[in-house]
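Working notes for the structure below.
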Amino acid sequence: MHPVSVSIPSFRSEDNAMEKGYTVFKIEVLMSGRQHTVEKRYSEFHALHKMLKKIIKPPEIPSKHVRNWVPKVLEQRRQGLELYLQTIIMENEILPKIFLDFLNIRHFPSLPKTESCGSFETESEESSKLTHQPALLFLRDPYLLPATNDTFSNVVIEGVIHGIFYPDLQPR
């Protein structure tokens, strides 16, 4: 099962005085147990399709030229757009950044889809452990003055501590 799933449960018509009326499709996106909705016009789907054609072979998109005012035709377009989005998810191991942006999904471009969509809650304890060794190891706190039994004292540490705490004290 894929970590990203989409559906288009509904659409609505918008009337605008500045331009001809248009239809808005409500896209429900479910990823890692979290759901959000995005509303897009057909023209935005068409623009996505044109951009996707440059980087992958997307499925066919429903026809651009339909009678937008016929409910049966709009329902067919809704179903076709839903299938279009679902097919892109199913046929691509790594989802293109353009597609993730279209769905308002936060993305990790260098990781495959299955890794990029995980959550901290589902991450296993093994995968959260550090895989590198420490770069430096101190047997005791390096910011403390050396013990009195050290044959060589640390001049830098002594100088800094004396300079901060005893500025009037003369060096040895």
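Labels used: A, B, ... for chains in the order of the structure tokens, numbers from 1 for residues in each chain, and numbers from 1 for ligands as shown.
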Notebook entry, point to check: What's the 8 Å shell around Ser10 (chain A), counting only C-alpha atoms, without same-chain residues fewer than 3 positions away, as a list in words?
Noted result: Phe25, Lys26, Ile27 and Arg78 of chain A
Note to self: Need to verify the contact set: Thr87 (chain A), 10 Å, only C-alpha atoms, exclusion of same-chain residues closer than 6 positions in sequence. Can you return it as a ChimeraX atom specification?
What the structure shows: /A:58-60,81
Store the residues of this selection in a file with N, CA and C atoms, as a compact mmCIF listing (two decimals), in the first residue's frame.
```txt
# COMPACT_ATOMS: atom_id res chain seq x y z
N PRO A 58 2.89 10.73 -17.89
CA PRO A 58 1.65 10.67 -17.10
C PRO A 58 0.54 9.97 -17.87
N PRO A 59 -0.49 9.51 -17.14
CA PRO A 59 -1.64 8.90 -17.83
C PRO A 59 -2.42 9.98 -18.57
N GLU A 60 -3.39 9.54 -19.34
CA GLU A 60 -4.24 10.49 -20.07
C GLU A 60 -5.08 11.28 -19.08
N LEU A 81 -10.49 12.64 -13.24
CA LEU A 81 -9.39 13.34 -12.57
C LEU A 81 -8.90 12.57 -11.34
```
Margin query: Here is a test: counting only C-alpha atoms, which residue of A:Ile98, A:Ile61, A:Val73, A:Ile88 is nearest to Phe45 (chain A)?
Written below: A:Ile61
Next item on the list: For CA of Ser13 (chain A) and CA of Arg77 (chain A), determine how far apart the two atoms are, in Å to one decimal place.
Entry: 13.3 Å
Next item on the list: For Gln86 (chain A), please output as an NGL selection string all residues within 10 Å (counting only C-alpha atoms; exclusion window: fewer than 3 positions along the same chain).
Entry: :A and (4-7 or 59 or 80-83 or 89-91)
Write the selection just made, keeping C-alpha atoms, as a compact mmCIF listing (two decimals), in the first residue's frame?
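Result went into part09.txt, see below:
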```
# COMPACT_ATOMS: atom_id res chain seq x y z
CA VAL A 4 -0.13 8.70 -0.21
CA SER A 5 -3.73 8.28 -1.34
CA VAL A 6 -6.02 10.75 -3.02
CA SER A 7 -9.70 10.99 -3.83
CA PRO A 59 -1.64 8.90 -17.83
CA GLY A 80 -11.47 10.82 -14.53
CA LEU A 81 -9.39 13.34 -12.57
CA GLU A 82 -9.46 11.11 -9.49
CA LEU A 83 -8.23 8.16 -11.57
CA ILE A 89 0.81 7.69 -7.51
CA MET A 90 0.64 4.00 -8.47
CA GLU A 91 2.97 4.19 -11.48
```
Checklist line | Straight-line distance linking CA of Tyr22 (chain A) with CA of Tyr42 (chain A), stated in Å to one decimal | finding: 8.5 Å
Margin query: Need to verify the contact set: Ile56 (chain A), 12 Å, only C-alpha atoms, exclusion of same-chain residues closer than 6 positions in sequence. Can you return it as a PyMOL selection string?
Written below: chain A and resi 48-50+88-89+91-99
Notebook entry, point to check: What is the CA of Val29 (chain A) to CA of Pro71 (chain A) distance in Å?
Noted result: 23.9 Å
Next item on the list: Check the smallest atom-to-atom distance from each of A:Ile8, A:Arg41, A:Gln76, A:Ile161 to Glu28 (chain A) using only C-alpha atoms, then report the winner.
Entry: A:Ile8
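Each of A:Lys57, A:Lys40, A:Lys72, A:Arg34 was checked against Leu103 (chain A) using only C-alpha atoms; the smallest atom-to-atom distance is that of A:Lys40.
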Next item on the list: Name all residues at most 8 Å from Lys64 (chain A) (count only C-alpha atoms; drop same-chain ones fewer than 2 positions away) and give them as an MDAnalysis selection string.
Entry: chainID A and resid 42 46 62 66
Pull N, CA and C atoms from the residues just selected and write them as a CSV table (one decimal), in the first residue's frame.
```
chain,number,residue,atom,x,y,z
A,42,TYR,N,-10.0,22.7,-13.1
A,42,TYR,CA,-9.5,21.8,-14.2
A,42,TYR,C,-8.3,22.4,-14.9
A,46,HIS,N,-4.8,20.7,-15.8
A,46,HIS,CA,-4.2,20.7,-17.2
A,46,HIS,C,-2.8,21.2,-17.1
A,62,PRO,N,-8.5,13.6,-18.5
A,62,PRO,CA,-9.9,13.8,-19.1
A,62,PRO,C,-9.9,15.0,-20.1
A,66,VAL,N,-15.5,20.1,-22.5
A,66,VAL,CA,-16.8,19.4,-22.1
A,66,VAL,C,-17.8,20.5,-21.8
```
Notebook entry, point to check: Contacts of Gly21 (chain A) at 10 Å or less, counting only C-alpha atoms, minus same-chain residues fewer than 6 places along, as an NGL selection string?
Noted result: :A and (13-15 or 68-69)
When DSSP works through the backbone of this structure, what residues of region 32-89 of chain A end up as strand (DSSP E or B), shown as a PDB file with C-alpha atoms, in the first residue's frame?
```pdb
ATOM      1  CA  ARG A  34      -3.148  12.777   8.215  1.00  0.00           C
ATOM      2  CA  GLN A  35      -5.745  14.145   5.860  1.00  0.00           C
ATOM      3  CA  HIS A  36      -6.053  17.532   4.225  1.00  0.00           C
ATOM      4  CA  THR A  37      -8.040  18.930   1.327  1.00  0.00           C
ATOM      5  CA  VAL A  38      -7.011  20.962  -1.680  1.00  0.00           C
ATOM      6  CA  GLU A  39      -9.318  22.633  -4.174  1.00  0.00           C
ATOM      7  CA  LYS A  40      -8.249  22.840  -7.814  1.00  0.00           C
ATOM      8  CA  ARG A  41      -9.791  23.937 -11.076  1.00  0.00           C
TER       9      ARG A  41
END
```
